[in-house]
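Asker: Just passing along the structure, written as structure tokens.
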Amino acid sequence: MRIAYLTGEYPRATDTFIQREVANLRSMGADVHTFSIRRTGDEHIVGEEQKTERDRTFYILPANIINLVSAHLNLLFSSPSKYLESIRLAWSISQPGLRGAFYQLFYFLEAGIVANQIRRRQIEHLHNHIAEASGTVAMLAAKMGGFSYSFTLHGPYIFFKPYQWRLDEKIKRALFVSCISNYARSQGMIFAPIEMWDKMHIIHCGVDPSLFDVVSHQHQGTRLLYVGRLAAAKGLPILLESLAILKQQHPQIVLTVVGDGSDRKELESMSVKLGLSHNVKFVGYKSQAEVREYFQKTDVFVMSSFAEGIPVVLMEAMAAGVPVVATQIAGISELVEDNINGYLVPPGDSKVLAKRIQDLLADYKLRAAFGKAGRAKVERDFNIYHEVARLHQVMNSALQNRVESIRPEYQEKQFSLTK
């Protein structure tokens with residue numbers, strides 16, 4: 001297979017699951033070309049993996065005006081009908097108002113660059129991750145260039161505005177849809193007719209369990225860990241409030257926050273107001289290897305999110321045998337089984353969150369039991385090699401079926417010409 005991967009920004013420090021997926025597809029013999037709308041900032045280049053991927057990725061923006069015009073003229077004159085159809089599609093799915101039309105124009109122009117590059121490289125299929133804006137670009141590029149496309153449906157953000165991002169049209173036109181959870185698939189099924197449900201496959205994001213050493217749990221714990229973006233959807237103020245409660249019994253408790261984002265200054269200020277200056281460490285983005293080291297130095301992994309898909313970092317913590325406390329939202333319960341391999345808590349409730357963390361900190365045997373069960377769950381259901389093998393199989397089968405469906409039509413045209 002010769003395929004392209006497109007995201008809005010690649011490779012980001014927070015999207016290591018996409019990088020692993022690409023690497024494993026390549027190891028299975030697929031020729032994967034990575035495309036990104038925007039160039040990744042240096043703050044995301046936290047390891048050699050990100051540097052290597054950034055160097056080999058084609059970036060659409062900033063666009064060279066000569067290359068932009070050349071790409072669109074090439075597509076127009078090589079296939080006028082497809083180009084005009086793509087204009088009609090872009091217009092039909094445009095968001096309302098002047099601003100919506102303005103954004104749609106940009107998506108259309110970006111799609112032309114993508115389509116032209118894919119045709120020049122003789123790539124047969126385009127796959128998209130994070131299906132909002134870059135998903136629109138992928139759908140338009142596929143129509144413009146005459147190749148197939150698919151996408152991975154994550155959530156949660158596309159589920160906030162499914163009509164704005166025309167999730168219905170994206171599912172309808174996709175060769176197949178890879179859904180990261182039953183929850184994600186069910187949300188897509190709302191907008192897809194019943195006859196299209198069969199092309200929506202559950203393919204988890206995953207991790208390589210062999211990369212993670214299992215931690216040893218001994219005595220009472222004091223170390224908490226969070227890894228991820230510092231953004232509103234992650235609910236970190238709730239985690240800080242729970243930490244203030246826990247500090248009353250555990251004055252030496254320490255929360256390490258690995259990651260960065262728009263809310264960092266506000267969260268740092270909040271930690272000071274809550275008297276947690278010496279209890280919270282904001283350490284910024286770290287490489288995959290460094291994150292694995294942090295797992296070895298923690299007793300409990302905590303996630304207080306309001307909106308998620310199935311966080312890969314939860315899989316990583318569980319692969320390392322670290323017990324987890326997470327909010328019971330979206331697809332998280334498909335990974336974290338309450339009171340078996342972790343605790344699930346109501347989102348927005350700092351008191352319950354503090355209580356569950358306290359239960360684990362006080363009982364090292366319970367931490368060890370949850371850690372063992374969590375590791376087994378990841379090995380069984382969220383192993384990157386098994387999941388990418390399934391994606392490879394689904395993609396290969398879908399592409400073969402597409403060729404078979406086109407061939408009779410092609411043969412009929414050839415027959416009529418010779419006749």
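Going through the structure tokens in order, the chains are called A, B, and so on, while each chain numbers its residues from 1 and the ligands are numbered from 1 in the order shown.
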Excluding same-chain residues fewer than 2 positions from Arg12 in chain A, what lies within 10 Å of it counting only C-alpha atoms, as a ChimeraX atom specification?

Answerer: /A:8-10,14-19,39-46,50,53-54

Asker: Next, the residues of the selection above should be written as a PDB file, in the first residue's frame with N, CA, C and O atoms.

Answerer:
```
ATOM      1  N   GLY A   8      -3.905  17.940  11.240  1.00  0.00           N
ATOM      2  CA  GLY A   8      -3.783  19.395  11.288  1.00  0.00           C
ATOM      3  C   GLY A   8      -2.396  19.851  11.677  1.00  0.00           C
ATOM      4  O   GLY A   8      -1.905  20.868  11.189  1.00  0.00           O
ATOM      5  N   GLU A   9      -1.758  19.084  12.570  1.00  0.00           N
ATOM      6  CA  GLU A   9      -0.409  19.429  13.016  1.00  0.00           C
ATOM      7  C   GLU A   9       0.306  18.155  13.411  1.00  0.00           C
ATOM      8  O   GLU A   9      -0.133  17.449  14.318  1.00  0.00           O
ATOM      9  N   TYR A  10       1.396  17.858  12.727  1.00  0.00           N
ATOM     10  CA  TYR A  10       2.112  16.594  12.933  1.00  0.00           C
ATOM     11  C   TYR A  10       3.618  16.828  12.818  1.00  0.00           C
ATOM     12  O   TYR A  10       4.047  17.550  11.931  1.00  0.00           O
ATOM     13  N   THR A  14       1.774  15.529  21.999  1.00  0.00           N
ATOM     14  CA  THR A  14       0.596  14.921  22.607  1.00  0.00           C
ATOM     15  C   THR A  14      -0.061  13.872  21.721  1.00  0.00           C
ATOM     16  O   THR A  14      -1.010  13.217  22.152  1.00  0.00           O
ATOM     17  N   ASP A  15       0.405  13.726  20.486  1.00  0.00           N
ATOM     18  CA  ASP A  15      -0.208  12.769  19.553  1.00  0.00           C
ATOM     19  C   ASP A  15       0.748  11.647  19.177  1.00  0.00           C
ATOM     20  O   ASP A  15       0.861  11.263  18.005  1.00  0.00           O
ATOM     21  N   THR A  16       1.426  11.101  20.180  1.00  0.00           N
ATOM     22  CA  THR A  16       2.392  10.037  19.907  1.00  0.00           C
ATOM     23  C   THR A  16       1.718   8.798  19.334  1.00  0.00           C
ATOM     24  O   THR A  16       2.368   8.009  18.640  1.00  0.00           O
ATOM     25  N   PHE A  17       0.414   8.625  19.591  1.00  0.00           N
ATOM     26  CA  PHE A  17      -0.290   7.450  19.074  1.00  0.00           C
ATOM     27  C   PHE A  17      -0.336   7.453  17.544  1.00  0.00           C
ATOM     28  O   PHE A  17      -0.296   6.390  16.920  1.00  0.00           O
ATOM     29  N   ILE A  18      -0.404   8.632  16.944  1.00  0.00           N
ATOM     30  CA  ILE A  18      -0.387   8.702  15.477  1.00  0.00           C
ATOM     31  C   ILE A  18       0.994   8.327  14.962  1.00  0.00           C
ATOM     32  O   ILE A  18       1.131   7.601  13.969  1.00  0.00           O
ATOM     33  N   GLN A  19       2.019   8.810  15.632  1.00  0.00           N
ATOM     34  CA  GLN A  19       3.388   8.481  15.229  1.00  0.00           C
ATOM     35  C   GLN A  19       3.643   6.980  15.325  1.00  0.00           C
ATOM     36  O   GLN A  19       4.273   6.386  14.446  1.00  0.00           O
ATOM     37  N   ARG A  39       3.052  23.449  10.316  1.00  0.00           N
ATOM     38  CA  ARG A  39       4.323  22.920  10.786  1.00  0.00           C
ATOM     39  C   ARG A  39       4.339  22.900  12.310  1.00  0.00           C
ATOM     40  O   ARG A  39       3.907  23.843  12.972  1.00  0.00           O
ATOM     41  N   THR A  40       4.849  21.831  12.868  1.00  0.00           N
ATOM     42  CA  THR A  40       4.890  21.677  14.320  1.00  0.00           C
ATOM     43  C   THR A  40       5.898  22.634  14.941  1.00  0.00           C
ATOM     44  O   THR A  40       7.010  22.786  14.444  1.00  0.00           O
ATOM     45  N   GLY A  41       5.503  23.261  16.059  1.00  0.00           N
ATOM     46  CA  GLY A  41       6.405  24.146  16.778  1.00  0.00           C
ATOM     47  C   GLY A  41       7.495  23.374  17.499  1.00  0.00           C
ATOM     48  O   GLY A  41       7.349  22.167  17.793  1.00  0.00           O
ATOM     49  N   ASP A  42       8.586  24.040  17.787  1.00  0.00           N
ATOM     50  CA  ASP A  42       9.736  23.394  18.426  1.00  0.00           C
ATOM     51  C   ASP A  42       9.394  22.821  19.801  1.00  0.00           C
ATOM     52  O   ASP A  42      10.043  21.882  20.260  1.00  0.00           O
ATOM     53  N   GLU A  43       8.369  23.382  20.457  1.00  0.00           N
ATOM     54  CA  GLU A  43       8.013  22.880  21.786  1.00  0.00           C
ATOM     55  C   GLU A  43       7.509  21.435  21.745  1.00  0.00           C
ATOM     56  O   GLU A  43       7.509  20.728  22.758  1.00  0.00           O
ATOM     57  N   HIS A  44       7.088  20.977  20.564  1.00  0.00           N
ATOM     58  CA  HIS A  44       6.602  19.600  20.416  1.00  0.00           C
ATOM     59  C   HIS A  44       7.724  18.622  20.051  1.00  0.00           C
ATOM     60  O   HIS A  44       7.512  17.414  20.088  1.00  0.00           O
ATOM     61  N   ILE A  45       8.876  19.127  19.696  1.00  0.00           N
ATOM     62  CA  ILE A  45       9.975  18.252  19.284  1.00  0.00           C
ATOM     63  C   ILE A  45      10.754  17.871  20.534  1.00  0.00           C
ATOM     64  O   ILE A  45      11.799  18.438  20.861  1.00  0.00           O
ATOM     65  N   VAL A  46      10.213  16.891  21.253  1.00  0.00           N
ATOM     66  CA  VAL A  46      10.756  16.517  22.556  1.00  0.00           C
ATOM     67  C   VAL A  46      11.607  15.250  22.495  1.00  0.00           C
ATOM     68  O   VAL A  46      12.141  14.802  23.517  1.00  0.00           O
ATOM     69  N   GLN A  50      10.027  12.640  17.153  1.00  0.00           N
ATOM     70  CA  GLN A  50       9.341  13.808  16.593  1.00  0.00           C
ATOM     71  C   GLN A  50      10.203  14.531  15.561  1.00  0.00           C
ATOM     72  O   GLN A  50       9.704  14.974  14.526  1.00  0.00           O
ATOM     73  N   GLU A  53      10.171  12.577  12.245  1.00  0.00           N
ATOM     74  CA  GLU A  53       8.893  12.675  11.552  1.00  0.00           C
ATOM     75  C   GLU A  53       8.664  14.078  10.987  1.00  0.00           C
ATOM     76  O   GLU A  53       8.116  14.231   9.895  1.00  0.00           O
ATOM     77  N   ARG A  54       9.081  15.108  11.717  1.00  0.00           N
ATOM     78  CA  ARG A  54       8.897  16.465  11.191  1.00  0.00           C
ATOM     79  C   ARG A  54       9.727  16.680   9.937  1.00  0.00           C
ATOM     80  O   ARG A  54       9.274  17.323   8.982  1.00  0.00           O
TER      81      ARG A  54
END
```

Asker: Would you kindly return, as a ChimeraX atom specification, each protein, DNA or RNA residue with an atom no farther than 7 Å from any atom of range 113-126 of chain A, considering only C-alpha atoms and excluding same-chain residues fewer than 2 positions away?

Answerer: /A:2-5,60,68,71,75,109-111,128,141-142,144-145,147-150

Asker: With N, CA, C and O atoms retained, write the just-selected residues as a PDB file, in the first residue's frame.

Answerer:
```
ATOM      1  N   ARG A   2       0.456   2.188  -0.816  1.00  0.00           N
ATOM      2  CA  ARG A   2       1.097   3.496  -0.861  1.00  0.00           C
ATOM      3  C   ARG A   2       0.047   4.507  -0.416  1.00  0.00           C
ATOM      4  O   ARG A   2      -0.881   4.829  -1.170  1.00  0.00           O
ATOM      5  N   ILE A   3       0.169   5.003   0.817  1.00  0.00           N
ATOM      6  CA  ILE A   3      -0.892   5.815   1.395  1.00  0.00           C
ATOM      7  C   ILE A   3      -0.335   7.114   1.981  1.00  0.00           C
ATOM      8  O   ILE A   3       0.870   7.235   2.225  1.00  0.00           O
ATOM      9  N   ALA A   4      -1.238   8.062   2.184  1.00  0.00           N
ATOM     10  CA  ALA A   4      -0.883   9.334   2.812  1.00  0.00           C
ATOM     11  C   ALA A   4      -1.627   9.460   4.133  1.00  0.00           C
ATOM     12  O   ALA A   4      -2.757   8.978   4.264  1.00  0.00           O
ATOM     13  N   TYR A   5      -0.984  10.095   5.096  1.00  0.00           N
ATOM     14  CA  TYR A   5      -1.596  10.409   6.385  1.00  0.00           C
ATOM     15  C   TYR A   5      -1.643  11.921   6.523  1.00  0.00           C
ATOM     16  O   TYR A   5      -0.634  12.597   6.313  1.00  0.00           O
ATOM     17  N   ILE A  60       1.586  21.899   4.379  1.00  0.00           N
ATOM     18  CA  ILE A  60       0.784  22.673   3.435  1.00  0.00           C
ATOM     19  C   ILE A  60       0.969  24.170   3.658  1.00  0.00           C
ATOM     20  O   ILE A  60       1.047  24.954   2.707  1.00  0.00           O
ATOM     21  N   LEU A  68       0.734  27.081  -5.096  1.00  0.00           N
ATOM     22  CA  LEU A  68      -0.703  26.972  -4.880  1.00  0.00           C
ATOM     23  C   LEU A  68      -1.469  27.103  -6.198  1.00  0.00           C
ATOM     24  O   LEU A  68      -2.328  26.265  -6.522  1.00  0.00           O
ATOM     25  N   ALA A  71      -0.780  24.099  -8.501  1.00  0.00           N
ATOM     26  CA  ALA A  71      -1.476  22.878  -8.085  1.00  0.00           C
ATOM     27  C   ALA A  71      -2.925  22.900  -8.544  1.00  0.00           C
ATOM     28  O   ALA A  71      -3.441  21.916  -9.087  1.00  0.00           O
ATOM     29  N   LEU A  75      -4.831  20.520 -11.414  1.00  0.00           N
ATOM     30  CA  LEU A  75      -6.013  19.710 -11.117  1.00  0.00           C
ATOM     31  C   LEU A  75      -7.187  20.090 -12.020  1.00  0.00           C
ATOM     32  O   LEU A  75      -7.931  19.221 -12.496  1.00  0.00           O
ATOM     33  N   LEU A 109      -8.463  25.636  -0.876  1.00  0.00           N
ATOM     34  CA  LEU A 109      -7.126  25.920  -1.410  1.00  0.00           C
ATOM     35  C   LEU A 109      -6.097  24.926  -0.859  1.00  0.00           C
ATOM     36  O   LEU A 109      -5.238  24.424  -1.598  1.00  0.00           O
ATOM     37  N   GLU A 110      -6.185  24.618   0.446  1.00  0.00           N
ATOM     38  CA  GLU A 110      -5.275  23.642   1.053  1.00  0.00           C
ATOM     39  C   GLU A 110      -5.483  22.257   0.440  1.00  0.00           C
ATOM     40  O   GLU A 110      -4.515  21.529   0.185  1.00  0.00           O
ATOM     41  N   ALA A 111      -6.736  21.908   0.197  1.00  0.00           N
ATOM     42  CA  ALA A 111      -7.051  20.600  -0.388  1.00  0.00           C
ATOM     43  C   ALA A 111      -6.408  20.440  -1.761  1.00  0.00           C
ATOM     44  O   ALA A 111      -5.965  19.347  -2.126  1.00  0.00           O
ATOM     45  N   ASN A 128      -6.993  10.268   7.340  1.00  0.00           N
ATOM     46  CA  ASN A 128      -6.969  11.476   8.161  1.00  0.00           C
ATOM     47  C   ASN A 128      -7.192  11.145   9.641  1.00  0.00           C
ATOM     48  O   ASN A 128      -8.010  10.296   9.976  1.00  0.00           O
ATOM     49  N   ALA A 141      -9.893  17.080  -0.848  1.00  0.00           N
ATOM     50  CA  ALA A 141      -8.741  16.635  -1.638  1.00  0.00           C
ATOM     51  C   ALA A 141      -9.050  15.333  -2.361  1.00  0.00           C
ATOM     52  O   ALA A 141      -8.676  15.148  -3.528  1.00  0.00           O
ATOM     53  N   ALA A 142      -9.739  14.415  -1.679  1.00  0.00           N
ATOM     54  CA  ALA A 142     -10.088  13.137  -2.298  1.00  0.00           C
ATOM     55  C   ALA A 142     -11.012  13.336  -3.496  1.00  0.00           C
ATOM     56  O   ALA A 142     -10.834  12.708  -4.550  1.00  0.00           O
ATOM     57  N   MET A 144     -11.264  16.103  -5.296  1.00  0.00           N
ATOM     58  CA  MET A 144     -10.499  16.843  -6.299  1.00  0.00           C
ATOM     59  C   MET A 144      -9.514  15.945  -7.044  1.00  0.00           C
ATOM     60  O   MET A 144      -9.333  16.057  -8.255  1.00  0.00           O
ATOM     61  N   GLY A 145      -8.862  15.048  -6.294  1.00  0.00           N
ATOM     62  CA  GLY A 145      -7.815  14.228  -6.893  1.00  0.00           C
ATOM     63  C   GLY A 145      -8.270  12.885  -7.408  1.00  0.00           C
ATOM     64  O   GLY A 145      -7.500  12.168  -8.050  1.00  0.00           O
ATOM     65  N   PHE A 147      -9.066  10.137  -5.652  1.00  0.00           N
ATOM     66  CA  PHE A 147      -8.602   8.980  -4.877  1.00  0.00           C
ATOM     67  C   PHE A 147      -9.529   8.803  -3.670  1.00  0.00           C
ATOM     68  O   PHE A 147     -10.382   9.645  -3.391  1.00  0.00           O
ATOM     69  N   SER A 148      -9.379   7.706  -2.954  1.00  0.00           N
ATOM     70  CA  SER A 148     -10.231   7.427  -1.808  1.00  0.00           C
ATOM     71  C   SER A 148      -9.636   8.022  -0.537  1.00  0.00           C
ATOM     72  O   SER A 148      -8.444   8.330  -0.473  1.00  0.00           O
ATOM     73  N   TYR A 149     -10.487   8.170   0.465  1.00  0.00           N
ATOM     74  CA  TYR A 149      -9.997   8.648   1.754  1.00  0.00           C
ATOM     75  C   TYR A 149     -10.764   7.942   2.870  1.00  0.00           C
ATOM     76  O   TYR A 149     -11.862   7.411   2.684  1.00  0.00           O
ATOM     77  N   SER A 150     -10.156   7.942   4.045  1.00  0.00           N
ATOM     78  CA  SER A 150     -10.779   7.403   5.254  1.00  0.00           C
ATOM     79  C   SER A 150     -10.356   8.301   6.409  1.00  0.00           C
ATOM     80  O   SER A 150      -9.505   9.174   6.250  1.00  0.00           O
TER      81      SER A 150
END
```

Asker: Name the closest residue to Phe295 in chain A among the candidates A:Arg223, A:Arg390, A:Lys51, A:Arg166; distances are taken between atoms, counting only C-alpha atoms.

Answerer: A:Arg223

Asker: When you look at Gln218 in chain A with a cut-off of 8 Å (counting only C-alpha atoms), what residues show up, excluding the ones that are within fewer than 3 positions of it in the same chain? I need them as a list in words.

Answerer: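 Neighbouring residues, sequence-local ones excluded: Gly221, Tyr364 and Lys365 of chain A.
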
Asker: What lies within 10 Å of His250 in chain A using only C-alpha atoms, ignoring chain neighbours under 4 positions off, as a list in words?

Answerer: Gly221, Thr222, Leu243, Ala244, Ile245, Leu246, Val254, Gln358 and Leu361 of chain A

Asker: Store the residues picked out above in a file with N, CA, C and O atoms, as a CSV table (one decimal), in the first residue's frame.

Answerer:
```
chain,number,residue,atom,x,y,z
A,221,GLY,N,1.7,5.8,49.6
A,221,GLY,CA,2.1,6.6,48.5
A,221,GLY,C,1.9,8.1,48.7
A,221,GLY,O,1.1,8.5,49.5
A,222,THR,N,2.7,8.8,48.0
A,222,THR,CA,2.6,10.3,48.1
A,222,THR,C,2.7,11.0,46.7
A,222,THR,O,2.6,12.2,46.6
A,243,LEU,N,-6.3,18.0,45.3
A,243,LEU,CA,-5.0,18.0,45.9
A,243,LEU,C,-4.9,18.8,47.2
A,243,LEU,O,-4.3,18.4,48.2
A,244,ALA,N,-5.7,19.9,47.2
A,244,ALA,CA,-5.7,20.7,48.4
A,244,ALA,C,-6.4,20.0,49.5
A,244,ALA,O,-6.0,20.1,50.7
A,245,ILE,N,-7.4,19.2,49.2
A,245,ILE,CA,-8.1,18.3,50.2
A,245,ILE,C,-7.1,17.2,50.7
A,245,ILE,O,-7.0,17.0,51.9
A,246,LEU,N,-6.4,16.6,49.8
A,246,LEU,CA,-5.5,15.5,50.1
A,246,LEU,C,-4.3,16.0,51.0
A,246,LEU,O,-3.8,15.3,51.8
A,254,VAL,N,2.9,15.1,46.3
A,254,VAL,CA,3.4,15.9,45.1
A,254,VAL,C,2.7,15.4,43.8
A,254,VAL,O,2.6,14.2,43.6
A,358,GLN,N,-7.0,9.0,47.7
A,358,GLN,CA,-6.6,8.6,49.1
A,358,GLN,C,-6.7,7.1,49.3
A,358,GLN,O,-5.8,6.5,49.9
A,361,LEU,N,-3.6,5.7,47.7
A,361,LEU,CA,-2.3,6.1,48.3
A,361,LEU,C,-2.1,5.3,49.6
A,361,LEU,O,-1.0,5.0,50.0
```

Asker: So how many Å separate CA of Val257 in chain A and CA of Leu153 in chain A, to one decimal?

Answerer: 27.4 Å

Asker: When you look at Glu290 in chain A with a cut-off of 12 Å (counting only C-alpha atoms), what residues show up, excluding the ones that are within fewer than 5 positions of it in the same chain? I need them as a ChimeraX atom specification.

Answerer: /A:13,46-47,212,227,258-259,283-285,295-297

Asker: Find the nearest atom pair between each residue of range 206-299 of chain A and range 323-342 of chain A for residues within 12 Å, count only C-alpha atoms, give distances in Å to one decimal, sort rows by chain and ascending number, and present the table as a Markdown table.

Answerer:
```
| residue | atom | partner | partner_atom | distance |
| --- | --- | --- | --- | --- |
| A:Gly206 | CA | A:Leu335 | CA | 11.0 |
| A:Val214 | CA | A:Pro323 | CA | 11.0 |
| A:Val215 | CA | A:Pro323 | CA | 10.0 |
| A:Ser216 | CA | A:Pro323 | CA | 11.3 |
| A:His217 | CA | A:Pro323 | CA | 9.9 |
| A:Gly221 | CA | A:Pro323 | CA | 11.5 |
| A:Arg223 | CA | A:Pro323 | CA | 11.8 |
| A:Leu224 | CA | A:Val324 | CA | 9.8 |
| A:Leu225 | CA | A:Val324 | CA | 9.6 |
| A:Tyr226 | CA | A:Val324 | CA | 10.1 |
| A:Ala233 | CA | A:Ile329 | CA | 11.7 |
| A:Lys234 | CA | A:Thr327 | CA | 10.1 |
| A:Gly235 | CA | A:Thr327 | CA | 9.7 |
| A:Leu236 | CA | A:Thr327 | CA | 11.7 |
| A:Ile238 | CA | A:Thr327 | CA | 10.9 |
| A:Leu239 | CA | A:Ala326 | CA | 10.5 |
| A:Phe295 | CA | A:Pro323 | CA | 10.4 |
| A:Gln296 | CA | A:Pro323 | CA | 11.9 |
| A:Thr298 | CA | A:Pro323 | CA | 9.6 |
| A:Asp299 | CA | A:Pro323 | CA | 7.4 |
```

Asker: Could you state the separation of CA of Ala398 in chain A and CA of Leu89 in chain A in Å, given to one decimal place?

Answerer: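 One can read the CA of Ala398 in chain A to CA of Leu89 in chain A distance as 23.3 Å.
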
Asker: Have a look at CA of Glu308 in chain A and CA of Pro346 in chain A and let me know their distance in Å, one decimal.

Answerer: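 So the answer is 13.7 Å.
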
Asker: At a cut-off of 12 Å, can you tabulate as a tab-separated table every residue of range 316-402 of chain A near range 193-200 of chain A together with its closest atom pair and the distance in Å to one decimal, using only C-alpha atoms and ordering rows by chain then number?

Answerer:
```
residue	atom	partner	partner_atom	distance
A:Leu391	CA	A:Met200	CA	11.6
A:Val394	CA	A:Lys199	CA	9.4
A:Met395	CA	A:Lys199	CA	10.7
A:Ser397	CA	A:Lys199	CA	11.3
A:Ala398	CA	A:Lys199	CA	9.0
```

Asker: Running DSSP on the backbone, which parts of range 161-321 of chain A land in strand (DSSP E or B), as a list in words?

Answerer: Val177, Ser178, Cys179, Met200, His201, Ile202, Val207, Arg223, Leu224, Leu225, Tyr226, Val227, Val254, Leu255, Thr256, Val257, Val258, Gly259, Val280, Lys281, Phe282, Val283, Gly284, Val300, Phe301, Val302 and Met303 of chain A

Asker: Could the residues in this selection be saved with C-alpha atoms as a PDB file, in the first residue's frame?

Answerer:
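The new file out.pdb reads:
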```pdb
ATOM      1  CA  VAL A 177     -14.060   4.941   9.270  1.00  0.00           C
ATOM      2  CA  SER A 178     -11.759   3.809  12.069  1.00  0.00           C
ATOM      3  CA  CYS A 179     -13.452   4.439  15.440  1.00  0.00           C
ATOM      4  CA  MET A 200     -17.349   1.951  10.753  1.00  0.00           C
ATOM      5  CA  HIS A 201     -14.761  -0.281  12.455  1.00  0.00           C
ATOM      6  CA  ILE A 202     -13.558  -0.205  16.067  1.00  0.00           C
ATOM      7  CA  VAL A 207       0.727   1.183  23.091  1.00  0.00           C
ATOM      8  CA  ARG A 223       3.292  10.770  44.325  1.00  0.00           C
ATOM      9  CA  LEU A 224       0.663  11.655  41.723  1.00  0.00           C
ATOM     10  CA  LEU A 225       1.130  12.134  37.987  1.00  0.00           C
ATOM     11  CA  TYR A 226      -0.801  13.826  35.184  1.00  0.00           C
ATOM     12  CA  VAL A 227       0.341  13.802  31.544  1.00  0.00           C
ATOM     13  CA  VAL A 254       3.385  15.893  45.124  1.00  0.00           C
ATOM     14  CA  LEU A 255       1.578  16.128  41.782  1.00  0.00           C
ATOM     15  CA  THR A 256       3.833  16.205  38.708  1.00  0.00           C
ATOM     16  CA  VAL A 257       2.169  17.778  35.658  1.00  0.00           C
ATOM     17  CA  VAL A 258       3.777  16.741  32.372  1.00  0.00           C
ATOM     18  CA  GLY A 259       2.551  18.796  29.433  1.00  0.00           C
ATOM     19  CA  VAL A 280       2.702  20.794  42.229  1.00  0.00           C
ATOM     20  CA  LYS A 281       5.502  20.582  39.669  1.00  0.00           C
ATOM     21  CA  PHE A 282       4.810  21.839  36.142  1.00  0.00           C
ATOM     22  CA  VAL A 283       7.561  20.290  34.007  1.00  0.00           C
ATOM     23  CA  GLY A 284       6.338  20.937  30.433  1.00  0.00           C
ATOM     24  CA  VAL A 300      -1.178   6.972  41.159  1.00  0.00           C
ATOM     25  CA  PHE A 301      -1.964   8.393  37.728  1.00  0.00           C
ATOM     26  CA  VAL A 302      -4.861  10.879  37.750  1.00  0.00           C
ATOM     27  CA  MET A 303      -7.042  12.282  34.973  1.00  0.00           C
TER      28      MET A 303
END
```

Asker: Identify, with DSSP run on backbone atoms, the residues in range 285-390 of chain A assigned to alpha helix (DSSP H), and express the list as a ChimeraX atom specification.

Answerer: /A:288-295,312-319,350-361,364-381,384-390

Asker: For the selection you just gave me, I'd like the residues written to a file as a tab-separated table (two decimals), in the first residue's frame, keeping C-alpha atoms.

Answerer:
```tsv
chain	number	residue	atom	x	y	z
A	288	GLN	CA	8.23	9.38	25.29
A	289	ALA	CA	11.24	7.93	27.08
A	290	GLU	CA	11.08	10.62	29.77
A	291	VAL	CA	7.35	10.03	30.31
A	292	ARG	CA	8.07	6.35	30.87
A	293	GLU	CA	10.58	7.37	33.54
A	294	TYR	CA	7.94	9.49	35.27
A	295	PHE	CA	5.65	6.47	35.48
A	312	VAL	CA	-3.51	6.90	25.23
A	313	VAL	CA	-1.67	8.16	28.30
A	314	LEU	CA	-4.09	6.12	30.46
A	315	MET	CA	-3.03	3.05	28.46
A	316	GLU	CA	0.61	3.94	29.06
A	317	ALA	CA	0.11	4.32	32.81
A	318	MET	CA	-1.72	1.00	32.98
A	319	ALA	CA	0.95	-0.70	30.87
A	350	SER	CA	-13.15	17.08	43.51
A	351	LYS	CA	-14.25	15.42	46.76
A	352	VAL	CA	-14.90	12.00	45.21
A	353	LEU	CA	-11.70	12.33	43.20
A	354	ALA	CA	-9.74	13.06	46.39
A	355	LYS	CA	-11.40	10.11	48.17
A	356	ARG	CA	-10.43	7.62	45.45
A	357	ILE	CA	-6.86	8.91	45.28
A	358	GLN	CA	-6.65	8.62	49.06
A	359	ASP	CA	-7.89	5.00	48.92
A	360	LEU	CA	-5.04	4.10	46.59
A	361	LEU	CA	-2.34	6.10	48.34
A	364	TYR	CA	-0.07	-0.40	48.34
A	365	LYS	CA	-1.59	-3.88	47.91
A	366	LEU	CA	-4.63	-2.37	46.20
A	367	ARG	CA	-2.34	-0.30	43.96
A	368	ALA	CA	-0.43	-3.44	43.00
A	369	ALA	CA	-3.64	-5.35	42.25
A	370	PHE	CA	-5.07	-2.56	40.11
A	371	GLY	CA	-1.69	-2.16	38.38
A	372	LYS	CA	-1.50	-5.86	37.50
A	373	ALA	CA	-5.06	-5.90	36.14
A	374	GLY	CA	-4.45	-2.72	34.18
A	375	ARG	CA	-1.35	-4.12	32.53
A	376	ALA	CA	-3.30	-7.25	31.51
A	377	LYS	CA	-6.12	-5.13	30.05
A	378	VAL	CA	-3.72	-3.16	27.85
A	379	GLU	CA	-1.88	-6.27	26.70
A	380	ARG	CA	-5.16	-7.89	25.71
A	381	ASP	CA	-7.20	-5.04	24.18
A	384	ILE	CA	-0.48	-1.26	19.28
A	385	TYR	CA	0.70	-4.19	17.16
A	386	HIS	CA	-2.69	-5.90	17.22
A	387	GLU	CA	-4.61	-2.70	16.55
A	388	VAL	CA	-2.42	-1.50	13.67
A	389	ALA	CA	-2.53	-5.00	12.15
A	390	ARG	CA	-6.32	-4.72	12.18
```
